[in-house]
Amino acid sequence: MRRRVSLLGVWSWAVYGFVLAPIAVILLASLTRAEYTSFPPRGLSLRWYLEIPAHPEFLESLRVSLVVAAVSGALATALGTPAALALVRYRFRGRQLLNGFFLSPLMLPAVILGVALLQFYTLVGITRTPAALVCGHLVITVPYVVRLVSAGLAGLDPSLERAALILGATPWKAFTRVTLPLVAPGVIAGGAFATIVSFDDVSIALFLASPKTTTLPVRIFTYIEQTFDPLVTAVCSLLVLLTAAAVVVIERSVGLGRLFGAEESTSSASSS
Amino acid sequence: MLMRSAAPWLLLAVPLAIFAALFVLPLGNMLLLSLQSFDRTTGATGGFTLNNYTKFLGDSFYLGILWRTLKLAALTTCVTLILGYPVAFHLNLSSGRRRAHLTLLILAPLLISVVVRSFGWLVILGPNGLVNSALRGAGVISEPLRLLYTESAIVLGLTHVFLSFMVLSIATALGRIDPAVVRAAQSLGANPVQTFLRVILPLSLPGIAAGSLIVFTLSMSAFITPVLLGGPRVKVMSYLAYQQTLLLSDWPYGSAIAFVLLALTAVSVLLYLRALETGRFRMVFR
Amino acid sequence: MATVELEGVSKFYGAHRAVHEFSLSIASGESVALLGPSGCGKTTTLNMIGGFLEPDAGHIRIAGRAVGGVPPYRRNIGMVFQHYALFPHLTVADNLAFGLRMRRASKAEIVRRVGGVLELVHLGGLERRYPRELSGGQQQRVALARALVVEPAVLLLDEPLSNLDAKLRQEMRQEIVELQQRLGITTIFVTHDQEEALAIAGRIAVMDAGRIEQVGAPEAIYGSPRTEFVARFIGEANLLPGEVLGPVRDGLAVRADLGARVLAPADAGFKAGDRVLVMVRPEKIYLGVAGSGTAENRIEATVRSVSFLGAVTRCLLTAGAQPLIVTTGEASGLPAAGQRAALEWNSRDCRLLAETRAC
């Protein structure tokens with residue numbers, strides 16, 4: 001079995017390299033001194049990072065992205081958590097259907113949502129406002145909150161709350177002192193994830209964009225469609241570093257692997 | 001007890017209402033629009049017509065784009081499966097901290113915006129990019145190869161974006177296999193290859209199926225990656241919807257295209273699920 | 001059918017010694033149980049015989065041939081796993097045919113042997129079912145059949161009956177014994193259930209913390225345990241600490257700490273001055289009226305509780321700090337809680353054990 005593992009290992013590490021390559025390439029290419037983007041970079045300098053403040057539209061887009069992401073994340077958590085509670089804790093008719101309903105936007109092509117939302121918001125008259133972006137993002141972030149909080153709740157033993165009740169706690173106390181602390185990681189994970197998804201979104205934000213409401217990914221996208229000079233590689237690198245920082249924070253507090261349910265295989269070396 | 005049965009609905013009331021308003025209404029509106037006509041000066045007219053759909057389904061150019069979208073999605077699914085299965089197997093063999101780190105390695109890229117990830121491929125495949133520079137430097141070619149704006153570039157980009165889903169799906173399924181079953185196969189005389197082909201692979205089918213489904217549907221509806229790596233010449237359905245809606249302002253037609261894409265994706269999923277339920281290893285999915 | 005020999009086999013997990021210099025010879029056709037509490041190393045030993053683990057020291061031989069480094073799929077063994085490990089994606093017939101296909105048997109032979117083994121375990125007609133559709137008892141039989149159909153040299157069973165309910169367990173115990181004797185296949189099984197070991201095995205190796213405490217036939221293990229651990233693990237035991245006085249008549253005189261004088265069977269291992277534990281099984285003690293006679297092998301105690309358990313009645317008594325257990329088939333005429341009683345036994349029914357670890 002040992003020889004197979006090393007062949008497997010080589011393949012796996014090659015694939016991991018494949019996964020990380022584009023990101024590494026951008027980071028390195030942003031350090032070029034030349035006027036055009038190339039890999040390997042010509043010379044090493046931070047000039048393109050220093051160029052960024054001269055393009056205030058990127059900073060403005062970053063601001064828009066951060067605000068929209070923060071608000072969407074918070075709202076999605078506020079909406080998704082009670083929904084998840086209801087779906088996991090209670091048995092009622094239509095439960096499965098509602099569960100599917102809350103998760104269904106993830107199945108839809110983002111383009112479809114973009115088109116539909118653009119048309120509808122124009123009808124309602126709220127296009128060209130950050131509110132439109134937030135509403136649009138809620139559609140794709142609430143499902144993640146519902147899913148993550150549900151997963152966290154599903155692992156929760158219902159008899160814990162019952163034990164608290166028997167010990168004399170009121171239903172409200174039992175909920176706040178027993179259930180809530182235990183479900184908190186799922187809620188935080190859901191909120192963090194919702195924020196990131198909102199921040200990263202291009203498809204919906206593209207359709208709802210206007211000069212005042214252009215998120216950073218959309219700005220990058222439209223820029224790249226015309227030219228890809230090193231300036232945008234520097235902006236992308238900053239985005240990568242920002243995301244990496246967020247990932248580290250989340251990993252330290254909640255643990256990313258658990259979010260996606262990549263389960264531990266049961267150990268095969270059992271002793272008895 | 002009455003409180004009990006009303007509780008879920010109280011919790012659900014607000015989220016459900018808001019979600020429905022944000023989600024169902026726009027879709028409904030889009031459906032209505034797709035059944036209207038478009039006038040260049042006044043925009044969408046009222047009325048009811050199936051013109052948009054017949055226009056699409058009757059034109060070989062548009063059908064060609066539909067076919068290409070399907071083809072690229074299927075190719076991406078196959079490539080992610082082939083690339084990803086060994087990675088999932090390798091991931092499943094590890095445990096503890098190493099496993100956590102490998103999982104993070106696979107997951108973290110998902111959190112970076114797809115624009116940035118696909119842009120990276122532009123830098124790698126472009127005329128001044130990694131591949132061309134390497135080949136030029138090695139003296140293999142003198143003129144840069146045209147790697148971008150091809151269907152292969154799109155498949156490459158999509159594979160990169162969706163690989164993690166396939167890996168995690170398969171790894172989860174592999175993790176559910178009872179190790180005793182593997183030992184049982186060995187005790188009965190199966191060497192590692194036979195054990196893999198006859199026991200592990202069939203039992204990992206649920207993961208392969210789930211991963212394939214996710215990658216296929218996501219690839220069908222992918223937008224940013226095909227646009228960046230395929231360019232305006234190599235169009236896919238999503239781009240068409242975008243072009244018609246945003247660039248040409250023909251909302252009715254754009255809506256119709258969006259719905260055709262939706263229908264196509266839904267039908268593919270249903271056919272796939274049906275095949276799983278009646279296939280040879282259907283017992284594995286129960 | 002083959003012999004199995006383990007010589008000085010050890011297995012370490014880091015600093016923890018899971019199995020320590022395990023040596024045992026198993027004759028062809030013999031049925032041996034590895035019995036002990038969880039963590040004693042019995043399953044690790046079984047896995048080493050099966051080839052799923054390699055010993056860190058020592059040798060294992062199957063049919064006279066050293067199997068170090070030989071993977072499980074080349075050892076010609078059959079194994080029944082604790083939770084059966086049936087292939088969920090294959091029918092019963094395909095499960096059974098698996099090993100035969102690995103051995104490249106012809107289609108006709110597969111059909112014949114699969115049919116045969118299904119009859120053997122009384123499951124004829126279930127060829128097309130899937131494991132999920134079978135009851136626990138049926139799954140167990142399929143697991144057994146799957147291991148037997150390849151006619152292995154050695155049959156290994158890992159806690160085969162622990163997942164069945166009591167009644168089914170009794171039935172399967174009987175079937176396994178009959179099958180084993182009929183086929184004459186060398187069998188090694190692991191269990192923590194002493195009743196199971198006593199019922200099925202021809203010889204029992206009692207294990208604790210990676211070592212063999214005692215090996216012998218069930219009657220010998222039960223009737224003449226050689227260590228305190230074995231005495232306590234198999235059945236129940238009364239253990240009275242005391243000191244050997246010296247040989248007397250045809251036995252050894254011992255003075256129990258409680259004050260009583262004990263006449264035990266002669267045991268070459270003990271001499272005057274040795275600290276010992278006098279072991280008497282609860283069913284070998286007679287309860288009598290307190291205060292009569294000053295015979296040997298007799299102590300007085302206070303009854304704490306009397307529990308009627310159907311076939312036996314179990315009395316718990318204390319003499320000072322010493323707990324005592326007496327079981328009897330009588331249901332009436334027994335002293336009540338709080339009363340004094342006299343416990344008497346025959347000298348041939350007690351054994352001496354070295355006083356080792358603290359109770």
# chains A, B, ... in the order shown; residues from 1 in each chain; ligands from 1
>>> interface_residues(of="chain B", to="chain C", cutoff="9 Å", atoms="only C-alpha atoms", output="NGL selection string")
:B and (178-192 or 194 or 199 or 202-203 or 281-284)
>>> select_by_dssp(residues="stretch 213-246 of chain C", states="alpha helix (DSSP H)", output="MDAnalysis selection string")
chainID C and resid 218:223 228:233
>>> write_last_selection(atoms="N, CA and C atoms", output="CSV table (one decimal), in the first residue's frame")
chain,number,residue,atom,x,y,z
C,218,PRO,N,-12.0,-24.8,29.2
C,218,PRO,CA,-12.9,-24.0,30.0
C,218,PRO,C,-13.0,-24.5,31.4
C,219,GLU,N,-13.1,-25.8,31.6
C,219,GLU,CA,-13.3,-26.3,33.0
C,219,GLU,C,-12.1,-25.9,33.9
C,220,ALA,N,-10.9,-26.0,33.3
C,220,ALA,CA,-9.7,-25.7,34.0
C,220,ALA,C,-9.6,-24.3,34.4
C,221,ILE,N,-10.0,-23.4,33.4
C,221,ILE,CA,-9.9,-22.0,33.6
C,221,ILE,C,-10.9,-21.6,34.8
C,222,TYR,N,-12.1,-22.2,34.7
C,222,TYR,CA,-13.1,-21.8,35.7
C,222,TYR,C,-12.8,-22.4,37.0
C,223,GLY,N,-12.5,-23.7,37.0
C,223,GLY,CA,-12.3,-24.4,38.3
C,223,GLY,C,-10.9,-24.1,38.9
C,228,GLU,N,-5.5,-13.9,40.3
C,228,GLU,CA,-6.7,-13.2,40.8
C,228,GLU,C,-7.5,-12.7,39.7
C,229,PHE,N,-6.8,-12.2,38.7
C,229,PHE,CA,-7.5,-11.6,37.5
C,229,PHE,C,-8.4,-12.6,36.9
C,230,VAL,N,-7.9,-13.8,36.6
C,230,VAL,CA,-8.7,-14.8,36.0
C,230,VAL,C,-9.8,-15.2,36.9
C,231,ALA,N,-9.6,-15.3,38.2
C,231,ALA,CA,-10.6,-15.8,39.1
C,231,ALA,C,-11.8,-14.8,39.1
C,232,ARG,N,-11.4,-13.5,39.0
C,232,ARG,CA,-12.5,-12.5,39.0
C,232,ARG,C,-13.1,-12.3,37.6
C,233,PHE,N,-12.4,-12.5,36.6
C,233,PHE,CA,-12.9,-12.2,35.3
C,233,PHE,C,-13.9,-13.3,34.8
>>> residues_around(residues="A:Val146", least_positions_apart="5", cutoff="12 Å", atoms="only C-alpha atoms", output="PDB file with N, CA and C atoms, in the first residue's frame")
ATOM      1  N   ALA A  76     -28.555  38.574   6.629  1.00  0.00           N
ATOM      2  CA  ALA A  76     -28.730  37.165   6.284  1.00  0.00           C
ATOM      3  C   ALA A  76     -28.739  36.315   7.541  1.00  0.00           C
ATOM      4  N   THR A  77     -27.840  36.647   8.471  1.00  0.00           N
ATOM      5  CA  THR A  77     -27.806  35.897   9.727  1.00  0.00           C
ATOM      6  C   THR A  77     -29.093  36.094  10.501  1.00  0.00           C
ATOM      7  N   ALA A  78     -29.573  37.345  10.530  1.00  0.00           N
ATOM      8  CA  ALA A  78     -30.800  37.628  11.273  1.00  0.00           C
ATOM      9  C   ALA A  78     -31.996  36.910  10.681  1.00  0.00           C
ATOM     10  N   LEU A  79     -32.014  36.752   9.365  1.00  0.00           N
ATOM     11  CA  LEU A  79     -33.142  36.077   8.727  1.00  0.00           C
ATOM     12  C   LEU A  79     -32.976  34.561   8.749  1.00  0.00           C
ATOM     13  N   GLY A  80     -31.752  34.125   8.488  1.00  0.00           N
ATOM     14  CA  GLY A  80     -31.529  32.696   8.307  1.00  0.00           C
ATOM     15  C   GLY A  80     -31.554  31.898   9.601  1.00  0.00           C
ATOM     16  N   THR A  81     -31.102  32.493  10.689  1.00  0.00           N
ATOM     17  CA  THR A  81     -31.025  31.737  11.941  1.00  0.00           C
ATOM     18  C   THR A  81     -32.400  31.313  12.455  1.00  0.00           C
ATOM     19  N   PRO A  82     -33.375  32.235  12.568  1.00  0.00           N
ATOM     20  CA  PRO A  82     -34.701  31.769  13.006  1.00  0.00           C
ATOM     21  C   PRO A  82     -35.297  30.749  12.058  1.00  0.00           C
ATOM     22  N   ALA A  83     -35.047  30.942  10.758  1.00  0.00           N
ATOM     23  CA  ALA A  83     -35.579  29.983   9.787  1.00  0.00           C
ATOM     24  C   ALA A  83     -34.987  28.602  10.026  1.00  0.00           C
ATOM     25  N   ALA A  84     -33.655  28.568  10.243  1.00  0.00           N
ATOM     26  CA  ALA A  84     -33.009  27.279  10.485  1.00  0.00           C
ATOM     27  C   ALA A  84     -33.535  26.647  11.757  1.00  0.00           C
ATOM     28  N   LEU A  85     -33.718  27.455  12.787  1.00  0.00           N
ATOM     29  CA  LEU A  85     -34.257  26.961  14.048  1.00  0.00           C
ATOM     30  C   LEU A  85     -35.596  26.282  13.820  1.00  0.00           C
ATOM     31  N   ALA A  86     -36.455  26.998  13.067  1.00  0.00           N
ATOM     32  CA  ALA A  86     -37.778  26.439  12.826  1.00  0.00           C
ATOM     33  C   ALA A  86     -37.692  25.140  12.048  1.00  0.00           C
ATOM     34  N   LEU A  87     -36.809  25.107  11.049  1.00  0.00           N
ATOM     35  CA  LEU A  87     -36.759  23.943  10.175  1.00  0.00           C
ATOM     36  C   LEU A  87     -36.168  22.720  10.858  1.00  0.00           C
ATOM     37  N   VAL A  88     -35.247  22.941  11.772  1.00  0.00           N
ATOM     38  CA  VAL A  88     -34.600  21.783  12.385  1.00  0.00           C
ATOM     39  C   VAL A  88     -35.333  21.309  13.631  1.00  0.00           C
ATOM     40  N   LEU A  98     -40.064  23.633   2.487  1.00  0.00           N
ATOM     41  CA  LEU A  98     -39.529  24.934   2.864  1.00  0.00           C
ATOM     42  C   LEU A  98     -38.012  24.897   2.943  1.00  0.00           C
ATOM     43  N   ASN A  99     -37.490  23.793   3.445  1.00  0.00           N
ATOM     44  CA  ASN A  99     -36.046  23.638   3.507  1.00  0.00           C
ATOM     45  C   ASN A  99     -35.448  23.756   2.114  1.00  0.00           C
ATOM     46  N   GLY A 100     -36.041  23.027   1.184  1.00  0.00           N
ATOM     47  CA  GLY A 100     -35.575  23.097  -0.197  1.00  0.00           C
ATOM     48  C   GLY A 100     -35.720  24.496  -0.772  1.00  0.00           C
ATOM     49  N   PHE A 101     -36.824  25.139  -0.408  1.00  0.00           N
ATOM     50  CA  PHE A 101     -37.067  26.486  -0.911  1.00  0.00           C
ATOM     51  C   PHE A 101     -35.971  27.450  -0.477  1.00  0.00           C
ATOM     52  N   PHE A 102     -35.595  27.368   0.785  1.00  0.00           N
ATOM     53  CA  PHE A 102     -34.557  28.276   1.274  1.00  0.00           C
ATOM     54  C   PHE A 102     -33.208  27.982   0.658  1.00  0.00           C
ATOM     55  N   LEU A 103     -32.988  26.756   0.262  1.00  0.00           N
ATOM     56  CA  LEU A 103     -31.696  26.415  -0.313  1.00  0.00           C
ATOM     57  C   LEU A 103     -31.667  26.547  -1.831  1.00  0.00           C
ATOM     58  N   SER A 104     -32.833  26.714  -2.443  1.00  0.00           N
ATOM     59  CA  SER A 104     -32.895  26.671  -3.904  1.00  0.00           C
ATOM     60  C   SER A 104     -32.108  27.749  -4.650  1.00  0.00           C
ATOM     61  N   PRO A 105     -31.963  28.966  -4.124  1.00  0.00           N
ATOM     62  CA  PRO A 105     -31.200  29.936  -4.917  1.00  0.00           C
ATOM     63  C   PRO A 105     -29.809  29.460  -5.275  1.00  0.00           C
ATOM     64  N   LEU A 106     -29.253  28.564  -4.456  1.00  0.00           N
ATOM     65  CA  LEU A 106     -27.917  28.072  -4.752  1.00  0.00           C
ATOM     66  C   LEU A 106     -27.893  27.242  -6.014  1.00  0.00           C
ATOM     67  N   LEU A 138     -28.899  39.115  -0.392  1.00  0.00           N
ATOM     68  CA  LEU A 138     -29.612  38.318   0.590  1.00  0.00           C
ATOM     69  C   LEU A 138     -30.087  37.001  -0.022  1.00  0.00           C
ATOM     70  N   VAL A 139     -30.481  37.078  -1.296  1.00  0.00           N
ATOM     71  CA  VAL A 139     -30.986  35.873  -1.946  1.00  0.00           C
ATOM     72  C   VAL A 139     -29.919  34.781  -1.996  1.00  0.00           C
ATOM     73  N   ILE A 140     -28.673  35.163  -2.182  1.00  0.00           N
ATOM     74  CA  ILE A 140     -27.650  34.119  -2.265  1.00  0.00           C
ATOM     75  C   ILE A 140     -26.925  33.867  -0.952  1.00  0.00           C
ATOM     76  N   THR A 141     -27.152  34.693   0.067  1.00  0.00           N
ATOM     77  CA  THR A 141     -26.448  34.461   1.333  1.00  0.00           C
ATOM     78  C   THR A 141     -27.309  33.764   2.365  1.00  0.00           C
ATOM     79  N   ALA A 151     -26.937  22.727  10.075  1.00  0.00           N
ATOM     80  CA  ALA A 151     -25.940  21.684  10.336  1.00  0.00           C
ATOM     81  C   ALA A 151     -25.498  21.738  11.784  1.00  0.00           C
ATOM     82  N   GLY A 152     -25.293  22.966  12.293  1.00  0.00           N
ATOM     83  CA  GLY A 152     -24.889  23.098  13.680  1.00  0.00           C
ATOM     84  C   GLY A 152     -25.972  22.610  14.623  1.00  0.00           C
ATOM     85  N   LEU A 153     -27.229  22.909  14.320  1.00  0.00           N
ATOM     86  CA  LEU A 153     -28.330  22.493  15.173  1.00  0.00           C
ATOM     87  C   LEU A 153     -28.553  21.000  15.119  1.00  0.00           C
ATOM     88  N   ALA A 154     -28.378  20.445  13.923  1.00  0.00           N
ATOM     89  CA  ALA A 154     -28.639  19.016  13.765  1.00  0.00           C
ATOM     90  C   ALA A 154     -27.736  18.201  14.668  1.00  0.00           C
ATOM     91  N   GLY A 186     -22.196  27.726  14.724  1.00  0.00           N
ATOM     92  CA  GLY A 186     -22.867  27.619  13.427  1.00  0.00           C
ATOM     93  C   GLY A 186     -23.352  28.969  12.952  1.00  0.00           C
ATOM     94  N   VAL A 187     -23.884  29.767  13.884  1.00  0.00           N
ATOM     95  CA  VAL A 187     -24.394  31.087  13.506  1.00  0.00           C
ATOM     96  C   VAL A 187     -23.253  31.998  13.052  1.00  0.00           C
ATOM     97  N   ILE A 188     -22.165  31.946  13.817  1.00  0.00           N
ATOM     98  CA  ILE A 188     -21.017  32.779  13.442  1.00  0.00           C
ATOM     99  C   ILE A 188     -20.466  32.345  12.095  1.00  0.00           C
ATOM    100  N   ALA A 189     -20.361  31.011  11.932  1.00  0.00           N
ATOM    101  CA  ALA A 189     -19.864  30.491  10.654  1.00  0.00           C
ATOM    102  C   ALA A 189     -20.765  30.950   9.520  1.00  0.00           C
ATOM    103  N   GLY A 190     -22.065  30.829   9.741  1.00  0.00           N
ATOM    104  CA  GLY A 190     -23.009  31.254   8.706  1.00  0.00           C
ATOM    105  C   GLY A 190     -22.849  32.726   8.386  1.00  0.00           C
ATOM    106  N   GLY A 191     -22.736  33.554   9.411  1.00  0.00           N
ATOM    107  CA  GLY A 191     -22.584  34.986   9.198  1.00  0.00           C
ATOM    108  C   GLY A 191     -21.297  35.315   8.462  1.00  0.00           C
ATOM    109  N   PHE A 193     -19.587  33.374   6.537  1.00  0.00           N
ATOM    110  CA  PHE A 193     -19.685  32.886   5.178  1.00  0.00           C
ATOM    111  C   PHE A 193     -20.544  33.789   4.322  1.00  0.00           C
ATOM    112  N   ALA A 194     -21.659  34.222   4.880  1.00  0.00           N
ATOM    113  CA  ALA A 194     -22.553  35.109   4.139  1.00  0.00           C
ATOM    114  C   ALA A 194     -21.823  36.396   3.744  1.00  0.00           C
TER     115      ALA A 194
ATOM    116  N   LEU B  12     -40.648  31.472  11.234  1.00  0.00           N
ATOM    117  CA  LEU B  12     -40.446  31.494   9.795  1.00  0.00           C
ATOM    118  C   LEU B  12     -41.083  32.687   9.096  1.00  0.00           C
ATOM    119  N   PRO B  15     -38.586  35.690   7.845  1.00  0.00           N
ATOM    120  CA  PRO B  15     -37.638  35.239   6.817  1.00  0.00           C
ATOM    121  C   PRO B  15     -38.335  34.783   5.546  1.00  0.00           C
ATOM    122  N   LEU B  16     -39.403  34.051   5.705  1.00  0.00           N
ATOM    123  CA  LEU B  16     -40.102  33.516   4.552  1.00  0.00           C
ATOM    124  C   LEU B  16     -40.655  34.640   3.684  1.00  0.00           C
ATOM    125  N   PHE B  19     -37.803  36.592   2.021  1.00  0.00           N
ATOM    126  CA  PHE B  19     -37.135  35.763   1.035  1.00  0.00           C
ATOM    127  C   PHE B  19     -38.002  35.586  -0.195  1.00  0.00           C
TER     128      PHE B  19
END
>>> interface_residues(of="chain C", to="chain A", cutoff="9 Å", atoms="only C-alpha atoms", output="ChimeraX atom specification")
/C:18,37-44,47,52-53
>>> residues_around(residues="stretch 341-352 of chain C", least_positions_apart="2", cutoff="7 Å", atoms="only C-alpha atoms", output="ChimeraX atom specification")
/C:224,263-265,276-280,284-290,297-303,335,339,354
>>> write_last_selection(atoms="N, CA and C atoms", output="PDB file, in the first residue's frame")
ATOM      1  N   SER C 224      -9.907 -23.932  38.177  1.00  0.00           N
ATOM      2  CA  SER C 224      -8.585 -23.716  38.755  1.00  0.00           C
ATOM      3  C   SER C 224      -7.932 -22.471  38.181  1.00  0.00           C
ATOM      4  N   LEU C 263      -8.288 -25.537  54.833  1.00  0.00           N
ATOM      5  CA  LEU C 263      -7.524 -26.657  54.298  1.00  0.00           C
ATOM      6  C   LEU C 263      -7.711 -26.657  52.790  1.00  0.00           C
ATOM      7  N   ALA C 264      -6.630 -26.361  52.091  1.00  0.00           N
ATOM      8  CA  ALA C 264      -6.708 -26.267  50.637  1.00  0.00           C
ATOM      9  C   ALA C 264      -5.994 -27.448  50.008  1.00  0.00           C
ATOM     10  N   PRO C 265      -6.298 -27.741  48.717  1.00  0.00           N
ATOM     11  CA  PRO C 265      -5.605 -28.835  48.041  1.00  0.00           C
ATOM     12  C   PRO C 265      -4.113 -28.540  47.976  1.00  0.00           C
ATOM     13  N   VAL C 276      -1.280 -15.658  50.432  1.00  0.00           N
ATOM     14  CA  VAL C 276      -2.119 -16.201  49.359  1.00  0.00           C
ATOM     15  C   VAL C 276      -3.523 -15.615  49.424  1.00  0.00           C
ATOM     16  N   LEU C 277      -4.270 -15.899  48.359  1.00  0.00           N
ATOM     17  CA  LEU C 277      -5.705 -15.633  48.362  1.00  0.00           C
ATOM     18  C   LEU C 277      -6.392 -16.987  48.260  1.00  0.00           C
ATOM     19  N   VAL C 278      -7.299 -17.245  49.184  1.00  0.00           N
ATOM     20  CA  VAL C 278      -8.088 -18.466  49.089  1.00  0.00           C
ATOM     21  C   VAL C 278      -9.300 -18.163  48.221  1.00  0.00           C
ATOM     22  N   MET C 279      -9.431 -18.921  47.099  1.00  0.00           N
ATOM     23  CA  MET C 279     -10.541 -18.650  46.201  1.00  0.00           C
ATOM     24  C   MET C 279     -11.582 -19.745  46.315  1.00  0.00           C
ATOM     25  N   VAL C 280     -12.842 -19.337  46.518  1.00  0.00           N
ATOM     26  CA  VAL C 280     -13.941 -20.299  46.497  1.00  0.00           C
ATOM     27  C   VAL C 280     -15.051 -19.721  45.635  1.00  0.00           C
ATOM     28  N   LYS C 284     -20.098 -23.067  45.382  1.00  0.00           N
ATOM     29  CA  LYS C 284     -19.517 -24.173  46.130  1.00  0.00           C
ATOM     30  C   LYS C 284     -19.621 -23.983  47.640  1.00  0.00           C
ATOM     31  N   ILE C 285     -20.284 -22.894  48.052  1.00  0.00           N
ATOM     32  CA  ILE C 285     -20.391 -22.602  49.488  1.00  0.00           C
ATOM     33  C   ILE C 285     -21.773 -23.004  49.983  1.00  0.00           C
ATOM     34  N   TYR C 286     -21.818 -23.639  51.166  1.00  0.00           N
ATOM     35  CA  TYR C 286     -23.091 -23.983  51.789  1.00  0.00           C
ATOM     36  C   TYR C 286     -23.374 -23.013  52.906  1.00  0.00           C
ATOM     37  N   LEU C 287     -24.608 -22.557  52.930  1.00  0.00           N
ATOM     38  CA  LEU C 287     -25.003 -21.655  54.012  1.00  0.00           C
ATOM     39  C   LEU C 287     -25.636 -22.461  55.140  1.00  0.00           C
ATOM     40  N   GLY C 288     -25.084 -22.246  56.341  1.00  0.00           N
ATOM     41  CA  GLY C 288     -25.660 -22.962  57.475  1.00  0.00           C
ATOM     42  C   GLY C 288     -25.953 -22.017  58.613  1.00  0.00           C
ATOM     43  N   VAL C 289     -26.383 -22.604  59.705  1.00  0.00           N
ATOM     44  CA  VAL C 289     -26.721 -21.786  60.874  1.00  0.00           C
ATOM     45  C   VAL C 289     -25.438 -21.361  61.572  1.00  0.00           C
ATOM     46  N   ALA C 290     -25.427 -20.133  62.023  1.00  0.00           N
ATOM     47  CA  ALA C 290     -24.215 -19.633  62.663  1.00  0.00           C
ATOM     48  C   ALA C 290     -24.020 -20.281  64.023  1.00  0.00           C
ATOM     49  N   ASN C 297     -12.377 -24.648  56.943  1.00  0.00           N
ATOM     50  CA  ASN C 297     -13.138 -24.195  55.775  1.00  0.00           C
ATOM     51  C   ASN C 297     -14.516 -23.688  56.162  1.00  0.00           C
ATOM     52  N   ARG C 298     -14.513 -22.816  57.133  1.00  0.00           N
ATOM     53  CA  ARG C 298     -15.787 -22.311  57.633  1.00  0.00           C
ATOM     54  C   ARG C 298     -15.610 -20.925  58.192  1.00  0.00           C
ATOM     55  N   ILE C 299     -16.449 -20.004  57.755  1.00  0.00           N
ATOM     56  CA  ILE C 299     -16.420 -18.678  58.369  1.00  0.00           C
ATOM     57  C   ILE C 299     -17.834 -18.226  58.643  1.00  0.00           C
ATOM     58  N   GLU C 300     -17.930 -17.245  59.548  1.00  0.00           N
ATOM     59  CA  GLU C 300     -19.251 -16.699  59.846  1.00  0.00           C
ATOM     60  C   GLU C 300     -19.350 -15.291  59.285  1.00  0.00           C
ATOM     61  N   ALA C 301     -20.537 -14.944  58.850  1.00  0.00           N
ATOM     62  CA  ALA C 301     -20.702 -13.626  58.258  1.00  0.00           C
ATOM     63  C   ALA C 301     -22.127 -13.147  58.447  1.00  0.00           C
ATOM     64  N   THR C 302     -22.330 -11.848  58.180  1.00  0.00           N
ATOM     65  CA  THR C 302     -23.671 -11.269  58.289  1.00  0.00           C
ATOM     66  C   THR C 302     -24.270 -11.120  56.901  1.00  0.00           C
ATOM     67  N   VAL C 303     -25.519 -11.526  56.768  1.00  0.00           N
ATOM     68  CA  VAL C 303     -26.193 -11.420  55.464  1.00  0.00           C
ATOM     69  C   VAL C 303     -26.537  -9.965  55.185  1.00  0.00           C
ATOM     70  N   PRO C 335     -31.180 -17.693  55.230  1.00  0.00           N
ATOM     71  CA  PRO C 335     -31.204 -16.629  56.247  1.00  0.00           C
ATOM     72  C   PRO C 335     -31.619 -15.306  55.622  1.00  0.00           C
ATOM     73  N   GLN C 339     -29.200 -11.264  59.468  1.00  0.00           N
ATOM     74  CA  GLN C 339     -28.899 -12.442  60.297  1.00  0.00           C
ATOM     75  C   GLN C 339     -27.465 -12.903  60.107  1.00  0.00           C
ATOM     76  N   ALA C 354      -1.738 -16.623  44.228  1.00  0.00           N
ATOM     77  CA  ALA C 354      -0.745 -15.702  44.769  1.00  0.00           C
ATOM     78  C   ALA C 354      -1.403 -14.351  44.984  1.00  0.00           C
TER      79      ALA C 354
END
>>> atom_distance(atom1="atom CA of C:Ile325", atom2="atom CA of C:Ser307")
11.2 Å
>>> atom_distance(atom1="atom CA of A:Val64", atom2="atom CA of B:Ala258")
27.9 Å
>>> closest_residue(among="B:Leu81, B:Phe23, B:Pro232, B:Asn52", to="B:Leu35", atoms="only C-alpha atoms")
B:Asn52
>>> residues_around(residues="C:Asn163", least_positions_apart="4", cutoff="12 Å", atoms="only C-alpha atoms", output="NGL selection string")
:C and (81-84 or 135-137 or 139-140 or 158-159 or 167-169 or 172 or 191 or 193)
>>> residues_around(residues="C:Thr186", least_positions_apart="2", cutoff="8 Å", atoms="only C-alpha atoms", output="JSON, numbers by chain")
{"C": [1, 2, 3, 26, 27, 28, 29, 30, 31, 153, 154, 155, 180, 184, 188]}
>>> residues_around(residues="C:Val19", least_positions_apart="4", cutoff="8 Å", atoms="only C-alpha atoms", output="list of chain:residue names")
C:Val9, C:Ser10, C:Lys11, C:Phe12, C:Cys40, C:Gly41, C:Thr44, C:Thr45, C:Ala209, C:Gly210, C:Arg211
